[in-house]
Amino acid sequence: MRHLIVPEDLSAAEVEAVFAVSRDLQEKFTAGRRDALLPGRVLALVFEKPSLRTRVSFQTAMTHLGGASLFLGEDTGFASSRESIADFGRVLGGYVDAIVCRSKSHDTICQLAEVAGVPVINGLSDQSHPCQALADVYTLRQHVGRVQGLTLTFVGDGNNVARSLATVCGILGMRFVLAAPRAYQFDAGFRRHLAAILPGAEIEETTDPVAAVTGAAAVYTDVWASMGQEKERAERQKALAAYQVNEALMAHCPDAVFMHCLPARRGEEVTDGVIDGPQSVVLAQAANRMHVQKGLLAWLLGQA
Ligand code: CP
Ligand code: NVA
């Protein structure tokens, strides 16, 4: 039983296998074709937090693939006093072929994967957003032609998206640089984990955003306060103010693409001029969520 809880659940060869299916399905989609690779299969989406991209891209992907999807929000009582995660997961796994879970706690997704008996995909946790990172490197390759040996610089909070990008970059032989104040860089436990699973990967951290973006193929940012951190918003705005991705910063890397997972807080981590500017590929990233997740679903359900 294969799951995608963190990016390192896939090897480099497996990421490439997923991308190959994604590319094929994207070309067919662009030509107006929908290949029903998963007829009769059902995907459940169990979400504890809001979502536009992850929810809609997975649901449309299943429809295009000839299957069906069920969105299960808070009224199903997941991870609440209504019933245990184990009971919920075992029951749900008896009905559906795969589950996407977006949870407040990473451990909840791990617990679900242990009991569900069907593949579980992390649709975002406080620690990781693997589907986003896969779509991001897929997008970068489409725009630049390759990824190996290139640098992706993440400017801002070393959050769930940054952690997943660092891991995917390490898996695929890209250099990853995080530019953030020390308090918002990766914690020691995650750094040790990366060193253990990806020895030799070029993953660096700095407090200097200008040095970090110079020579980068991609500059990436995300909100300064993630879902669940709303109370820290004012404190984070102050601490991260010098890490805004604006026209002055992008002038140090005129050949780089600008990336953001969205949703964005315009005027905070990124200016309108950058996110709507000529270097931005944010809409391609969002569109590619669907194409890459089609590849992932077809690949994962083919393994099950
Ligand atoms: N990027 C992303 O995961 O967006 P949603 O929160 O809208 O799903
Ligand atoms: N870091 C953000 C990503 C949203 C897609 C969050 O967790 O809220």
# chains A, B, ... in the order shown; residues from 1 in each chain; ligands from 1
>>> residues_near_ligand(ligand="ligand 2", cutoff="8 Å", atoms="only C-alpha atoms and all ligand atoms", output="ChimeraX atom specification")
/A:51,124-126,129,132,159-161,222-228,261-263
>>> residues_near_ligand(ligand="ligand 1", cutoff="12 Å", atoms="only C-alpha atoms and all ligand atoms", output="number ranges by chain")
A: 45, 47-59, 100-103, 122-126, 128-136, 160-161, 221-223, 226-227, 259-264, 282-290
>>> closest_atom_pairs(of="range 213-260 of chain A", to="range 162-184 of chain A", cutoff="12 Å", atoms="only C-alpha atoms", output="JSON lines")
{"residue": "A:Val213", "atom": "CA", "partner": "A:Val177", "partner_atom": "CA", "distance": 8.5}
{"residue": "A:Thr214", "atom": "CA", "partner": "A:Val177", "partner_atom": "CA", "distance": 10.8}
{"residue": "A:Gly215", "atom": "CA", "partner": "A:Val177", "partner_atom": "CA", "distance": 11.2}
{"residue": "A:Ala216", "atom": "CA", "partner": "A:Val177", "partner_atom": "CA", "distance": 9.0}
{"residue": "A:Ala217", "atom": "CA", "partner": "A:Arg175", "partner_atom": "CA", "distance": 9.9}
{"residue": "A:Ala218", "atom": "CA", "partner": "A:Phe176", "partner_atom": "CA", "distance": 9.8}
{"residue": "A:Val219", "atom": "CA", "partner": "A:Val177", "partner_atom": "CA", "distance": 9.6}
{"residue": "A:Tyr220", "atom": "CA", "partner": "A:Ala162", "partner_atom": "CA", "distance": 8.7}
{"residue": "A:Thr221", "atom": "CA", "partner": "A:Ala162", "partner_atom": "CA", "distance": 8.3}
{"residue": "A:Asp222", "atom": "CA", "partner": "A:Ala162", "partner_atom": "CA", "distance": 8.3}
{"residue": "A:Val223", "atom": "CA", "partner": "A:Ala162", "partner_atom": "CA", "distance": 10.9}
{"residue": "A:Trp224", "atom": "CA", "partner": "A:Tyr184", "partner_atom": "CA", "distance": 9.5}
{"residue": "A:Ala225", "atom": "CA", "partner": "A:Tyr184", "partner_atom": "CA", "distance": 10.9}
{"residue": "A:Ser226", "atom": "CA", "partner": "A:Ala162", "partner_atom": "CA", "distance": 11.7}
{"residue": "A:Glu235", "atom": "CA", "partner": "A:Tyr184", "partner_atom": "CA", "distance": 11.8}
{"residue": "A:Arg236", "atom": "CA", "partner": "A:Tyr184", "partner_atom": "CA", "distance": 9.1}
{"residue": "A:Gln237", "atom": "CA", "partner": "A:Tyr184", "partner_atom": "CA", "distance": 11.9}
{"residue": "A:Lys238", "atom": "CA", "partner": "A:Pro181", "partner_atom": "CA", "distance": 11.1}
{"residue": "A:Ala239", "atom": "CA", "partner": "A:Pro181", "partner_atom": "CA", "distance": 7.4}
{"residue": "A:Leu240", "atom": "CA", "partner": "A:Pro181", "partner_atom": "CA", "distance": 7.1}
{"residue": "A:Ala241", "atom": "CA", "partner": "A:Pro181", "partner_atom": "CA", "distance": 10.1}
{"residue": "A:Ala242", "atom": "CA", "partner": "A:Pro181", "partner_atom": "CA", "distance": 9.1}
{"residue": "A:Tyr243", "atom": "CA", "partner": "A:Ala180", "partner_atom": "CA", "distance": 7.0}
{"residue": "A:Gln244", "atom": "CA", "partner": "A:Ala180", "partner_atom": "CA", "distance": 10.4}
{"residue": "A:Val245", "atom": "CA", "partner": "A:Ala179", "partner_atom": "CA", "distance": 11.0}
{"residue": "A:Met259", "atom": "CA", "partner": "A:Leu165", "partner_atom": "CA", "distance": 11.6}
{"residue": "A:His260", "atom": "CA", "partner": "A:Ala162", "partner_atom": "CA", "distance": 10.7}
>>> closest_residue(among="A:His3, A:Glu8, A:Gly66, A:Glu230", to="Gly117 in chain A", atoms="only C-alpha atoms")
A:His3
>>> residues_around(residues="Leu301 in chain A", least_positions_apart="4", cutoff="8 Å", atoms="only C-alpha atoms", output="CSV table (one decimal) with N, CA and C atoms, in the first residue's frame")
chain,number,residue,atom,x,y,z
A,97,ASP,N,-11.6,4.3,-2.9
A,97,ASP,CA,-10.4,3.7,-3.4
A,97,ASP,C,-9.1,4.5,-2.9
A,98,ALA,N,-9.3,5.8,-2.5
A,98,ALA,CA,-8.2,6.6,-2.1
A,98,ALA,C,-8.7,7.8,-1.3
A,119,PRO,N,-4.8,4.0,-0.4
A,119,PRO,CA,-3.8,5.0,-0.4
A,119,PRO,C,-4.3,6.3,0.2
A,297,LEU,N,-2.7,10.2,-9.1
A,297,LEU,CA,-3.8,9.3,-8.9
A,297,LEU,C,-3.7,8.0,-9.7
>>> select_by_dssp(residues="range 206-263 of chain A", states="strand (DSSP E)", output="list in words")
Thr206, Ala218, Val219, Tyr220, Thr221, Val257, Phe258, Met259 and His260 of chain A
>>> write_last_selection(atoms="N, CA and C atoms", output="PDB file, in the first residue's frame")
ATOM      1  N   THR A 206      19.894  31.099   4.716  1.00  0.00           N
ATOM      2  CA  THR A 206      20.593  32.365   4.863  1.00  0.00           C
ATOM      3  C   THR A 206      19.603  33.408   5.377  1.00  0.00           C
ATOM      4  N   ALA A 218      14.453  30.122  -9.897  1.00  0.00           N
ATOM      5  CA  ALA A 218      13.089  30.379  -9.419  1.00  0.00           C
ATOM      6  C   ALA A 218      13.149  31.029  -8.053  1.00  0.00           C
ATOM      7  N   VAL A 219      12.297  32.026  -7.858  1.00  0.00           N
ATOM      8  CA  VAL A 219      12.129  32.663  -6.548  1.00  0.00           C
ATOM      9  C   VAL A 219      10.709  32.382  -6.106  1.00  0.00           C
ATOM     10  N   TYR A 220      10.574  31.825  -4.898  1.00  0.00           N
ATOM     11  CA  TYR A 220       9.287  31.324  -4.415  1.00  0.00           C
ATOM     12  C   TYR A 220       8.955  32.009  -3.098  1.00  0.00           C
ATOM     13  N   THR A 221       7.711  32.342  -2.898  1.00  0.00           N
ATOM     14  CA  THR A 221       7.307  32.760  -1.556  1.00  0.00           C
ATOM     15  C   THR A 221       5.909  32.245  -1.244  1.00  0.00           C
ATOM     16  N   VAL A 257      12.057  32.805 -12.689  1.00  0.00           N
ATOM     17  CA  VAL A 257      10.599  32.848 -12.641  1.00  0.00           C
ATOM     18  C   VAL A 257      10.181  33.104 -11.193  1.00  0.00           C
ATOM     19  N   PHE A 258       9.023  33.726 -11.030  1.00  0.00           N
ATOM     20  CA  PHE A 258       8.477  33.940  -9.690  1.00  0.00           C
ATOM     21  C   PHE A 258       7.377  32.915  -9.438  1.00  0.00           C
ATOM     22  N   MET A 259       7.419  32.289  -8.266  1.00  0.00           N
ATOM     23  CA  MET A 259       6.436  31.243  -7.936  1.00  0.00           C
ATOM     24  C   MET A 259       5.784  31.502  -6.579  1.00  0.00           C
ATOM     25  N   HIS A 260       4.532  31.096  -6.472  1.00  0.00           N
ATOM     26  CA  HIS A 260       3.769  31.202  -5.216  1.00  0.00           C
ATOM     27  C   HIS A 260       2.696  30.125  -5.273  1.00  0.00           C
TER      28      HIS A 260
END
>>> select_by_dssp(residues="range 202-288 of chain A", states="helix (DSSP H, G or I)", output="ChimeraX atom specification")
/A:209-213,230-243,247-250,272-275,282-288
>>> residues_around(residues="range 83-87 of chain A", least_positions_apart="3", cutoff="12 Å", atoms="only C-alpha atoms", output="list in words")
Val46, Thr76, Gly77, Phe78, Ala79, Ser80, Arg90, Val91, Leu92, Gly93, Gly94, Cys101, Ser103, Asp107, Thr108, Ile109, Cys110, Gln111, Leu112, Ala113, Glu114, Val115, Ala116 and Gly117 of chain A
>>> write_last_selection(atoms="N, CA and C atoms", output="short mmCIF file (atom, residue, chain, number, x, y, z; two decimals), in the first residue's frame")
data_model
loop_
_atom_site.label_atom_id
_atom_site.label_comp_id
_atom_site.auth_asym_id
_atom_site.auth_seq_id
_atom_site.Cartn_x
_atom_site.Cartn_y
_atom_site.Cartn_z
N VAL A 46 -11.01 14.51 2.69
CA VAL A 46 -11.34 14.81 4.08
C VAL A 46 -10.56 16.06 4.48
N THR A 76 -18.61 15.92 8.80
CA THR A 76 -18.48 14.47 8.95
C THR A 76 -17.85 14.10 10.29
N GLY A 77 -17.38 15.11 11.03
CA GLY A 77 -16.88 14.84 12.38
C GLY A 77 -15.50 14.23 12.43
N PHE A 78 -14.72 14.42 11.36
CA PHE A 78 -13.37 13.86 11.33
C PHE A 78 -12.50 14.52 12.41
N ALA A 79 -11.68 13.71 13.07
CA ALA A 79 -10.72 14.19 14.08
C ALA A 79 -11.41 15.03 15.16
N SER A 80 -12.61 14.59 15.55
CA SER A 80 -13.36 15.31 16.59
C SER A 80 -13.80 14.29 17.64
N ARG A 90 -11.14 3.43 9.05
CA ARG A 90 -11.45 2.06 8.63
C ARG A 90 -12.78 2.00 7.89
N VAL A 91 -13.74 2.79 8.35
CA VAL A 91 -15.06 2.81 7.69
C VAL A 91 -14.93 3.44 6.30
N LEU A 92 -14.28 4.62 6.25
CA LEU A 92 -14.16 5.33 4.96
C LEU A 92 -13.39 4.48 3.94
N GLY A 93 -12.32 3.84 4.42
CA GLY A 93 -11.50 3.00 3.52
C GLY A 93 -12.28 1.83 2.95
N GLY A 94 -13.37 1.45 3.58
CA GLY A 94 -14.22 0.38 3.06
C GLY A 94 -15.10 0.84 1.91
N CYS A 101 -6.31 13.91 2.41
CA CYS A 101 -6.63 14.51 3.70
C CYS A 101 -5.87 15.82 3.90
N SER A 103 -5.24 18.33 6.93
CA SER A 103 -5.48 18.29 8.37
C SER A 103 -4.71 19.37 9.12
N ASP A 107 0.17 14.46 12.23
CA ASP A 107 -0.01 13.13 12.83
C ASP A 107 -1.37 12.54 12.49
N THR A 108 -2.37 13.38 12.33
CA THR A 108 -3.71 12.89 11.98
C THR A 108 -3.68 12.17 10.63
N ILE A 109 -2.95 12.75 9.67
CA ILE A 109 -2.87 12.14 8.33
C ILE A 109 -2.11 10.80 8.43
N CYS A 110 -1.05 10.78 9.25
CA CYS A 110 -0.29 9.54 9.43
C CYS A 110 -1.18 8.46 10.06
N GLN A 111 -1.97 8.85 11.04
CA GLN A 111 -2.88 7.88 11.69
C GLN A 111 -3.90 7.34 10.70
N LEU A 112 -4.42 8.23 9.85
CA LEU A 112 -5.40 7.82 8.86
C LEU A 112 -4.78 6.80 7.89
N ALA A 113 -3.56 7.08 7.47
CA ALA A 113 -2.87 6.18 6.52
C ALA A 113 -2.65 4.80 7.13
N GLU A 114 -2.44 4.76 8.44
CA GLU A 114 -2.18 3.47 9.09
C GLU A 114 -3.39 2.55 9.07
N VAL A 115 -4.59 3.15 9.11
CA VAL A 115 -5.79 2.32 9.28
C VAL A 115 -6.66 2.20 8.03
N ALA A 116 -6.51 3.11 7.05
CA ALA A 116 -7.53 3.24 6.00
C ALA A 116 -7.57 2.03 5.05
N GLY A 117 -6.41 1.39 4.83
CA GLY A 117 -6.40 0.24 3.90
C GLY A 117 -6.47 0.66 2.44
#
>>> closest_residue(among="A:Tyr138, A:Ala234, A:Val281, A:Gly267", to="Val15 in chain A", atoms="only C-alpha atoms")
A:Tyr138
>>> closest_residue(among="A:Ser11, A:Asn246, A:Gln293, A:Gln142", to="Thr271 in chain A", atoms="only C-alpha atoms")
A:Asn246
>>> residues_around(residues="Gly295 in chain A", least_positions_apart="6", cutoff="9 Å", atoms="only C-alpha atoms", output="PyMOL selection string")
chain A and resi 17-25
>>> write_last_selection(atoms="N, CA, C and O atoms", output="PDB file, in the first residue's frame")
ATOM      1  N   ALA A  17       8.140   9.023 -12.960  1.00  0.00           N
ATOM      2  CA  ALA A  17       7.062   8.167 -13.490  1.00  0.00           C
ATOM      3  C   ALA A  17       5.717   8.899 -13.379  1.00  0.00           C
ATOM      4  O   ALA A  17       4.897   8.870 -14.309  1.00  0.00           O
ATOM      5  N   VAL A  18       5.496   9.559 -12.245  1.00  0.00           N
ATOM      6  CA  VAL A  18       4.255  10.340 -12.062  1.00  0.00           C
ATOM      7  C   VAL A  18       4.201  11.468 -13.094  1.00  0.00           C
ATOM      8  O   VAL A  18       3.170  11.686 -13.751  1.00  0.00           O
ATOM      9  N   PHE A  19       5.325  12.172 -13.275  1.00  0.00           N
ATOM     10  CA  PHE A  19       5.361  13.297 -14.220  1.00  0.00           C
ATOM     11  C   PHE A  19       5.107  12.815 -15.656  1.00  0.00           C
ATOM     12  O   PHE A  19       4.494  13.531 -16.446  1.00  0.00           O
ATOM     13  N   ALA A  20       5.586  11.633 -15.987  1.00  0.00           N
ATOM     14  CA  ALA A  20       5.389  11.120 -17.357  1.00  0.00           C
ATOM     15  C   ALA A  20       3.894  10.920 -17.624  1.00  0.00           C
ATOM     16  O   ALA A  20       3.381  11.297 -18.686  1.00  0.00           O
ATOM     17  N   VAL A  21       3.180  10.357 -16.639  1.00  0.00           N
ATOM     18  CA  VAL A  21       1.730  10.174 -16.803  1.00  0.00           C
ATOM     19  C   VAL A  21       1.050  11.543 -16.862  1.00  0.00           C
ATOM     20  O   VAL A  21       0.157  11.787 -17.685  1.00  0.00           O
ATOM     21  N   SER A  22       1.517  12.451 -16.001  1.00  0.00           N
ATOM     22  CA  SER A  22       0.921  13.803 -15.948  1.00  0.00           C
ATOM     23  C   SER A  22       1.061  14.512 -17.292  1.00  0.00           C
ATOM     24  O   SER A  22       0.113  15.129 -17.789  1.00  0.00           O
ATOM     25  N   ARG A  23       2.259  14.445 -17.853  1.00  0.00           N
ATOM     26  CA  ARG A  23       2.530  15.106 -19.155  1.00  0.00           C
ATOM     27  C   ARG A  23       1.619  14.550 -20.238  1.00  0.00           C
ATOM     28  O   ARG A  23       1.031  15.279 -21.028  1.00  0.00           O
ATOM     29  N   ASP A  24       1.535  13.226 -20.267  1.00  0.00           N
ATOM     30  CA  ASP A  24       0.706  12.569 -21.273  1.00  0.00           C
ATOM     31  C   ASP A  24      -0.763  13.018 -21.128  1.00  0.00           C
ATOM     32  O   ASP A  24      -1.404  13.409 -22.110  1.00  0.00           O
ATOM     33  N   LEU A  25      -1.251  13.007 -19.880  1.00  0.00           N
ATOM     34  CA  LEU A  25      -2.649  13.398 -19.652  1.00  0.00           C
ATOM     35  C   LEU A  25      -2.862  14.882 -19.914  1.00  0.00           C
ATOM     36  O   LEU A  25      -3.917  15.291 -20.402  1.00  0.00           O
TER      37      LEU A  25
END
>>> atom_distance(atom1="CA of Ala298 in chain A", atom2="CA of Asp35 in chain A")
10.7 Å
>>> atom_distance(atom1="CA of Ser69 in chain A", atom2="CA of Arg41 in chain A")
8.4 Å
>>> closest_residue(among="A:Gly149, A:Ala44, A:Ile99, A:Gln26", to="Leu72 in chain A", atoms="only C-alpha atoms")
A:Ala44
>>> atom_distance(atom1="CA of Thr153 in chain A", atom2="CA of Glu204 in chain A")
9.4 Å
